[in-house]
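run.cif (mmCIF, C-alpha atoms)
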data_work
loop_
_atom_site.label_atom_id
_atom_site.label_comp_id
_atom_site.auth_asym_id
_atom_site.auth_seq_id
_atom_site.Cartn_x
_atom_site.Cartn_y
_atom_site.Cartn_z
CA VAL O 3 -175.49 44.54 -124.54
CA ASP O 4 -176.89 43.62 -127.95
CA ASP O 5 -177.36 39.85 -128.11
CA ALA O 6 -176.57 39.58 -131.81
CA ALA O 7 -173.43 41.69 -131.39
CA ALA O 8 -172.38 39.64 -128.36
CA LEU O 9 -172.73 36.41 -130.34
CA ASP O 10 -170.70 37.82 -133.21
CA PHE O 11 -168.05 39.06 -130.77
CA ALA O 12 -167.65 35.57 -129.36
CA LYS O 13 -167.46 34.04 -132.85
CA ALA O 14 -164.89 36.61 -133.99
CA PHE O 15 -162.78 36.23 -130.85
CA TYR O 16 -162.56 32.43 -131.01
CA ALA O 17 -161.99 32.49 -134.77
CA ASN O 18 -159.03 34.78 -134.18
CA MET O 19 -157.65 32.54 -131.42
CA PHE O 20 -157.97 29.41 -133.57
CA ASN O 21 -156.28 31.24 -136.43
CA GLY O 22 -153.21 31.68 -134.21
CA ASP O 23 -153.64 35.20 -132.85
CA ALA O 24 -152.41 36.00 -129.35
CA PHE O 25 -155.14 36.60 -126.73
CA GLY O 26 -154.79 40.39 -126.69
CA ARG O 27 -154.70 40.64 -130.47
CA ALA O 28 -157.76 38.35 -130.79
CA VAL O 29 -159.74 40.59 -128.42
CA LEU O 30 -158.72 43.76 -130.25
CA LYS O 31 -159.66 42.38 -133.66
CA ALA O 32 -163.00 41.11 -132.32
CA ARG O 33 -163.77 44.56 -130.86
CA ARG O 34 -162.98 46.22 -134.17
CA THR O 35 -165.17 43.74 -136.03
CA ILE O 36 -168.17 44.44 -133.76
CA HIS O 37 -167.53 48.23 -133.77
CA ASP O 38 -167.64 48.26 -137.57
CA ARG O 39 -170.56 45.84 -137.86
CA TYR O 40 -172.74 47.45 -135.17
CA PRO O 41 -171.91 51.20 -135.25
CA ASP O 42 -174.96 52.11 -133.14
CA SER O 43 -174.12 49.69 -130.31
CA ASN O 44 -171.46 49.89 -127.62
CA THR O 45 -171.29 46.10 -127.29
CA TRP O 46 -167.82 46.15 -128.87
CA GLY O 47 -166.46 47.45 -125.54
CA ALA O 48 -168.79 45.66 -123.14
CA PHE O 49 -166.59 42.63 -122.41
CA GLN O 50 -163.70 42.73 -119.94
CA CYS O 51 -161.07 40.21 -120.94
CA TYR O 52 -158.43 39.23 -118.38
CA GLY O 53 -155.29 37.16 -118.99
CA ASP O 54 -151.87 37.09 -120.60
CA PRO O 55 -152.19 39.24 -123.78
CA PHE O 56 -149.47 37.16 -125.46
CA TYR O 57 -151.04 33.76 -124.76
CA LYS O 58 -151.68 31.57 -127.80
CA LEU O 59 -153.51 28.30 -128.11
CA LYS O 60 -151.28 25.26 -128.40
CA PHE O 61 -152.36 22.81 -131.04
CA THR O 62 -151.50 19.14 -130.70
CA GLN O 63 -151.28 16.72 -133.53
CA VAL O 64 -153.63 13.75 -133.34
CA THR O 65 -152.39 10.86 -135.42
CA LYS O 66 -153.43 7.29 -135.94
CA THR O 67 -151.30 4.74 -134.14
CA LYS O 68 -148.53 3.61 -136.42
CA SER O 69 -148.00 -0.09 -137.03
CA TYR O 70 -144.53 -1.53 -136.48
CA ARG O 71 -142.61 -4.55 -137.70
CA TYR O 72 -139.11 -5.34 -136.53
CA ILE O 73 -136.42 -7.59 -137.93
CA ILE O 74 -133.63 -6.58 -135.57
CA ALA O 75 -133.70 -5.15 -132.06
CA GLN O 76 -131.82 -2.00 -133.07
CA GLU O 77 -134.85 -0.82 -135.04
CA ALA O 78 -137.03 -1.05 -131.95
CA GLU O 79 -134.41 0.65 -129.78
CA ASN O 80 -134.29 3.57 -132.22
CA ASP O 81 -138.08 3.90 -132.19
CA ILE O 82 -138.22 3.89 -128.38
CA ASP O 83 -135.45 6.49 -128.24
CA ASN O 84 -137.41 8.67 -130.66
CA LEU O 85 -140.54 8.25 -128.53
CA LEU O 86 -138.64 9.31 -125.41
CA SER O 87 -137.54 12.42 -127.29
CA LYS O 88 -141.15 13.16 -128.23
CA LEU O 89 -142.12 12.97 -124.55
CA GLU O 90 -139.98 16.04 -123.92
CA MET O 91 -142.06 18.12 -126.33
CA ALA O 92 -145.53 19.51 -125.55
CA PHE O 93 -146.55 18.99 -129.17
CA TYR O 94 -147.39 15.32 -128.62
CA ARG O 95 -150.19 13.93 -126.47
CA SER O 96 -149.15 11.28 -123.94
CA GLU O 97 -152.18 9.18 -124.94
CA ASP O 98 -150.94 9.00 -128.53
CA LEU O 99 -147.41 8.16 -127.42
CA HIS O 100 -148.72 5.45 -125.12
CA GLY O 101 -150.52 3.92 -128.08
CA GLU O 102 -147.30 4.04 -130.09
CA LEU O 103 -145.36 2.33 -127.32
CA ASP O 104 -148.02 -0.39 -127.01
CA ALA O 105 -147.72 -0.98 -130.76
CA MET O 106 -143.92 -1.17 -130.48
CA ALA O 107 -144.22 -3.62 -127.59
CA ALA O 108 -146.53 -5.86 -129.63
CA ALA O 109 -144.13 -5.78 -132.58
CA ILE O 110 -141.17 -6.60 -130.32
CA GLU O 111 -143.10 -9.58 -128.94
CA ALA O 112 -144.11 -10.72 -132.44
CA GLY O 113 -140.55 -10.41 -133.70
CA GLY O 114 -139.11 -12.37 -130.79
CA ILE O 115 -136.47 -9.69 -130.18
CA GLY O 116 -137.32 -8.80 -126.59
CA HIS O 117 -133.84 -9.14 -125.11
CA PRO O 118 -133.27 -7.72 -121.59
CA ALA O 119 -131.58 -4.47 -122.68
CA LEU O 120 -134.49 -3.65 -124.99
CA LEU O 121 -137.06 -4.55 -122.33
CA GLU O 122 -135.25 -2.28 -119.89
CA LYS O 123 -135.58 0.63 -122.32
CA MET O 124 -139.24 -0.19 -122.90
CA ALA O 125 -139.94 -0.29 -119.16
CA LEU O 126 -138.34 3.12 -118.72
CA ALA O 127 -140.51 4.50 -121.52
CA TYR O 128 -143.66 3.23 -119.77
CA THR O 129 -142.35 4.87 -116.60
CA GLU O 130 -142.02 8.23 -118.37
CA LEU O 131 -145.64 7.80 -119.48
CA ASN O 132 -146.60 7.23 -115.81
CA ASP O 133 -147.83 3.71 -116.55
CA TYR O 134 -146.16 2.12 -113.54
CA LYS O 135 -148.15 -1.08 -113.80
CA LYS O 136 -146.94 -1.79 -117.34
CA ALA O 137 -143.42 -0.69 -116.45
CA VAL O 138 -143.32 -3.19 -113.57
CA GLU O 139 -144.59 -5.97 -115.83
CA VAL O 140 -141.90 -5.29 -118.43
CA PHE O 141 -139.16 -5.02 -115.81
CA GLU O 142 -140.21 -8.39 -114.39
CA ARG O 143 -140.06 -9.96 -117.85
CA MET O 144 -136.57 -8.50 -118.19
CA MET O 145 -135.40 -10.02 -114.91
CA LYS O 146 -136.69 -13.49 -115.85
CA ALA O 147 -134.46 -13.64 -118.92
CA GLU O 148 -131.81 -16.36 -118.90
CA LYS O 149 -129.17 -13.95 -120.20
CA ALA O 150 -129.12 -11.13 -117.68
CA SER O 151 -127.78 -8.48 -120.04
CA TYR O 152 -129.37 -5.56 -118.22
CA SER O 153 -127.80 -2.89 -116.05
CA VAL O 154 -127.68 -3.00 -112.25
CA SER O 155 -129.28 0.46 -112.25
CA SER O 156 -132.36 -1.10 -113.86
CA LEU O 157 -132.90 -3.07 -110.63
CA GLU O 158 -132.81 0.20 -108.67
CA LYS O 159 -135.30 1.73 -111.08
CA TYR O 160 -137.53 -1.35 -110.94
CA TYR O 161 -137.88 -1.29 -107.16
CA ASN O 162 -138.39 2.47 -107.16
CA ILE O 163 -141.17 2.18 -109.74
CA ARG O 164 -142.68 -0.85 -108.04
CA ALA O 165 -142.93 1.13 -104.79
CA ARG O 166 -144.73 3.92 -106.66
CA HIS O 167 -147.07 1.41 -108.28
CA VAL O 168 -147.93 -0.20 -104.95
CA PHE O 169 -148.66 3.19 -103.39
CA ASN O 170 -150.85 4.16 -106.35
CA GLU O 171 -152.80 0.92 -105.91
CA TYR O 172 -153.28 1.72 -102.24
CA THR O 173 -154.56 5.26 -102.93
CA GLN O 174 -157.03 3.90 -105.48
CA SER O 175 -158.14 0.97 -103.28
CA PRO O 176 -157.41 1.64 -99.58
CA GLU O 177 -159.21 -1.59 -98.68
CA LYS O 178 -156.19 -3.43 -100.15
CA SER O 179 -153.86 -1.93 -97.55
CA SER O 180 -152.79 -5.31 -96.17
CA THR O 181 -151.72 -6.61 -99.60
CA CYS O 182 -150.05 -3.31 -100.47
CA LEU O 183 -148.08 -3.27 -97.22
CA THR O 184 -146.88 -6.81 -97.91
CA ASP O 185 -145.75 -5.71 -101.38
CA ILE O 186 -143.94 -2.62 -100.11
CA ASP O 187 -142.22 -4.72 -97.43
CA HIS O 188 -140.94 -6.99 -100.21
CA VAL O 189 -139.60 -3.96 -102.10
CA ILE O 190 -137.84 -2.74 -98.95
CA THR O 191 -136.31 -6.18 -98.35
CA GLN O 192 -134.94 -6.34 -101.89
CA LEU O 193 -133.55 -2.81 -101.68
CA LYS O 194 -131.71 -3.77 -98.49
CA LYS O 195 -130.13 -6.67 -100.40
CA LEU O 196 -128.89 -4.22 -103.03
CA LEU O 197 -127.43 -2.12 -100.22
CA GLU O 198 -125.56 -5.19 -98.98
CA ILE O 199 -123.72 -5.19 -102.31
CA ALA O 200 -122.85 -1.49 -102.04
CA GLU O 201 -124.31 1.39 -100.03
CA THR O 202 -124.79 4.05 -102.69
CA ALA O 203 -126.59 7.35 -102.24
CA GLU O 204 -129.04 6.39 -104.99
CA ARG O 205 -130.06 3.17 -103.24
CA MET O 206 -130.35 4.87 -99.87
CA ALA O 207 -132.61 7.54 -101.40
CA ILE O 208 -134.80 4.94 -103.12
CA LEU O 209 -135.12 3.04 -99.83
CA GLY O 210 -136.05 6.28 -98.10
CA SER O 211 -138.74 6.86 -100.70
CA ALA O 212 -140.10 3.34 -100.14
CA TYR O 213 -140.26 3.87 -96.37
CA LYS O 214 -142.02 7.21 -96.92
CA ARG O 215 -144.67 5.51 -99.06
CA GLU O 216 -145.01 2.74 -96.51
CA ALA O 217 -145.68 5.38 -93.86
CA GLY O 218 -148.50 6.71 -96.04
CA MET O 219 -150.17 3.29 -95.95
CA MET O 220 -149.71 2.61 -92.23
CA GLN O 221 -152.82 2.79 -90.05
CA LYS O 222 -151.26 3.13 -86.59
CA LYS O 223 -149.52 6.37 -85.61
CA GLU O 224 -146.54 4.60 -84.04
CA ASP O 225 -146.00 2.55 -87.22
CA LYS O 226 -146.18 5.69 -89.36
CA ILE O 227 -143.63 7.46 -87.16
CA GLN O 228 -141.23 4.51 -87.25
CA ALA O 229 -141.43 4.35 -91.06
CA LEU O 230 -140.88 8.12 -91.31
CA GLU O 231 -137.85 7.87 -89.00
CA LEU O 232 -136.40 5.12 -91.18
CA ALA O 233 -137.07 7.20 -94.30
CA ALA O 234 -135.35 10.21 -92.73
CA SER O 235 -132.40 8.03 -91.77
CA CYS O 236 -132.05 6.78 -95.37
CA TYR O 237 -132.17 10.29 -96.81
CA PHE O 238 -129.64 11.49 -94.21
CA ASN O 239 -127.23 8.68 -95.14
CA ALA O 240 -127.70 9.47 -98.84
CA MET O 241 -127.05 13.14 -98.13
CA GLU O 242 -123.86 12.33 -96.23
CA LYS O 243 -122.33 10.82 -99.36
CA HIS O 244 -122.36 14.26 -101.07
CA THR O 245 -123.17 12.95 -104.52
CA ASP O 246 -125.15 14.53 -107.37
CA ASN O 247 -128.46 13.85 -105.61
CA TYR O 248 -127.38 15.69 -102.43
CA LYS O 249 -130.07 18.38 -102.83
CA TYR O 250 -132.81 15.79 -103.34
CA ALA O 251 -131.74 13.81 -100.26
CA PHE O 252 -131.28 16.96 -98.15
CA THR O 253 -134.70 18.37 -99.08
CA ASN O 254 -136.47 15.12 -98.23
CA TRP O 255 -134.54 14.71 -94.97
CA VAL O 256 -135.44 18.24 -93.82
CA GLU O 257 -139.09 17.73 -94.81
CA LEU O 258 -139.32 14.54 -92.77
CA GLU O 259 -137.48 16.01 -89.81
CA ILE O 260 -139.94 18.91 -89.72
CA ILE O 261 -142.81 16.40 -89.60
CA LEU O 262 -141.10 14.37 -86.86
CA GLN O 263 -140.33 17.56 -84.92
CA GLU O 264 -143.95 18.72 -85.20
CA THR O 265 -145.15 15.38 -83.81
CA GLY O 266 -142.77 15.74 -80.86
CA VAL O 267 -140.71 12.69 -81.79
CA HIS O 268 -137.53 14.59 -82.71
CA GLN O 269 -136.06 17.88 -81.56
CA TRP O 270 -133.61 19.99 -83.53
CA GLY O 271 -130.11 19.68 -82.05
CA HIS O 272 -130.83 16.32 -80.42
CA LYS O 273 -129.22 13.13 -81.67
CA SER O 274 -131.56 10.57 -83.22
CA MET O 275 -131.25 6.84 -82.66
CA TYR O 276 -131.01 6.46 -86.44
CA TYR O 277 -128.12 8.87 -87.11
#
Would you write the structure of this file as structure tokens?
Amino acid sequence: VDDAAALDFAKAFYANMFNGDAFGRAVLKARRTIHDRYPDSNTWGAFQCYGDPFYKLKFTQVTKTKSYRYIIAQEAENDIDNLLSKLEMAFYRSEDLHGELDAMAAAIEAGGIGHPALLEKMALAYTELNDYKKAVEVFERMMKAEKASYSVSSLEKYYNIRARHVFNEYTQSPEKSSTCLTDIDHVITQLKKLLEIAETAERMAILGSAYKREAGMMQKKEDKIQALELAASCYFNAMEKHTDNYKYAFTNWVELEIILQETGVHQWGHKSMYY
């Protein structure tokens, strides 16, 4: 392999890729370039290139964070809706969108237009960006409002996200297990209160998810098993309602039952104390 030809091959290949050529086309053009430039060398064919021949580089747009100023809440709602639409496209980086949402949040605060319905939408946007900590903070601001003009489903989403946030904190700092278990117990207690209002499949599934995360934080085997049994029970009850989330509840119930069966706690065909 001729070193100079190899260097030029690499330069030609990456130049072709950055110019928008597909992988296979970029390799072919680079080979031809080296074949013509170094007729006495076989370096043009020395490299074996593996991969999808139709793959192309995806270019993302990096933009400066836009500044916002709001007079009415509808303006902010429209901007958050647009941001949620951007999240569905690979063209935008989540870091840039997070910066935009932070700027919107600051403008909403400055404009004094943070009514509960708008805060609910903002919290959901932070959730989509996987910033559970910020989402929980915004949800809690929403719930402290004197005029409770937010949906009941936002309470379900809040406790679901709070359970995720608590579990994330535990995985990052296992030494905080005691505090995290106290927090998850609070989430479970509040979800049970929502179930006292109405036992919906959605609430049962969220409670099952909370129990499953609690099991992940438990230290003693018997405590883990009890939490997993309660989670399985919740998913089973959600599944029994035959709603739109039947598949989700069924999949989680089967997964947990397999774990409980493998540990010898449950046996297929035997009735459980929970259902």
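Shell of Phe252 in chain O at 8 Å, with all atoms listed in the file counted and residues fewer than 6 places along the chain excluded, is Tyr237, Phe238 and Met241 of chain O.
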>> With the PyMOL selection byres ((chain O and resi 261) around 12) as the selection, what would be picked from this file? Answer as a PyMOL selection string, please.
In response: chain O and resi 214+226-227+230-231+233-234+254-260+262-270
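Candidate residues O:Glu171, O:His244, O:Asn84, O:Met206 were compared for distance to Met219 in chain O, and the nearest is O:Glu171, using all atoms listed in the file.
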Excluding same-chain residues fewer than 6 positions from Leu157 in chain O, what lies within 9 Å of it counting all atoms listed in the file, as a short mmCIF file (atom, residue, chain, number, x, y, z; two decimals) with C-alpha atoms, keeping the file's coordinate frame?
data_model
loop_
_atom_site.label_atom_id
_atom_site.label_comp_id
_atom_site.auth_asym_id
_atom_site.auth_seq_id
_atom_site.Cartn_x
_atom_site.Cartn_y
_atom_site.Cartn_z
CA PHE O 141 -139.16 -5.02 -115.81
CA MET O 145 -135.40 -10.02 -114.91
CA LEU O 193 -133.55 -2.81 -101.68
CA LEU O 196 -128.89 -4.22 -103.03
#
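The gap separating CA of Met106 in chain O from CA of Met91 in chain O is 19.8 Å, in Å to one decimal.
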>> With distances taken over all atoms listed in the file, which residue among O:Glu158, O:Lys135, O:Asp54, O:Val140 lies nearest Ile208 in chain O?
In response: O:Glu158
Determine the residue membership of the PyMOL selection byres ((chain O and resi 34) around 12) for the file above and supply it as a PDB file with C-alpha atoms, in the frame of the given file.
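Contents of out-v3.pdb, as written:
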ATOM      1  CA  ALA O   7    -173.430  41.690-131.390  1.00  0.00           C
ATOM      2  CA  ASP O  10    -170.700  37.820-133.210  1.00  0.00           C
ATOM      3  CA  PHE O  11    -168.050  39.060-130.770  1.00  0.00           C
ATOM      4  CA  ALA O  14    -164.890  36.610-133.990  1.00  0.00           C
ATOM      5  CA  PHE O  15    -162.780  36.230-130.850  1.00  0.00           C
ATOM      6  CA  ARG O  27    -154.700  40.640-130.470  1.00  0.00           C
ATOM      7  CA  ALA O  28    -157.760  38.350-130.790  1.00  0.00           C
ATOM      8  CA  VAL O  29    -159.740  40.590-128.420  1.00  0.00           C
ATOM      9  CA  LEU O  30    -158.720  43.760-130.250  1.00  0.00           C
ATOM     10  CA  LYS O  31    -159.660  42.380-133.660  1.00  0.00           C
ATOM     11  CA  ALA O  32    -163.000  41.110-132.320  1.00  0.00           C
ATOM     12  CA  ARG O  33    -163.770  44.560-130.860  1.00  0.00           C
ATOM     13  CA  THR O  35    -165.170  43.740-136.030  1.00  0.00           C
ATOM     14  CA  ILE O  36    -168.170  44.440-133.760  1.00  0.00           C
ATOM     15  CA  HIS O  37    -167.530  48.230-133.770  1.00  0.00           C
ATOM     16  CA  ASP O  38    -167.640  48.260-137.570  1.00  0.00           C
ATOM     17  CA  ARG O  39    -170.560  45.840-137.860  1.00  0.00           C
ATOM     18  CA  TYR O  40    -172.740  47.450-135.170  1.00  0.00           C
ATOM     19  CA  PRO O  41    -171.910  51.200-135.250  1.00  0.00           C
ATOM     20  CA  ASN O  44    -171.460  49.890-127.620  1.00  0.00           C
ATOM     21  CA  THR O  45    -171.290  46.100-127.290  1.00  0.00           C
ATOM     22  CA  TRP O  46    -167.820  46.150-128.870  1.00  0.00           C
ATOM     23  CA  GLY O  47    -166.460  47.450-125.540  1.00  0.00           C
TER      24      GLY O  47
END
>> Assuming the chain letters and numbering stay as they are in my file, what does the PyMOL selection byres ((chain O and resi 176-189) around 8) actually select? List them as a list in words.
In response: Tyr161, Arg164, Ala165, Val168, Phe169, Glu171, Tyr172, Thr173, Gln174, Ser175, Ile190, Thr191, Gln192, Leu193, Ala212, Glu216, Met219 and Met220 of chain O
> Using only C-alpha atoms, which of O:Tyr128, O:Tyr57, O:Tyr152, O:Phe49 sits nearest Gly26 in chain O?
Replying inline: O:Tyr57
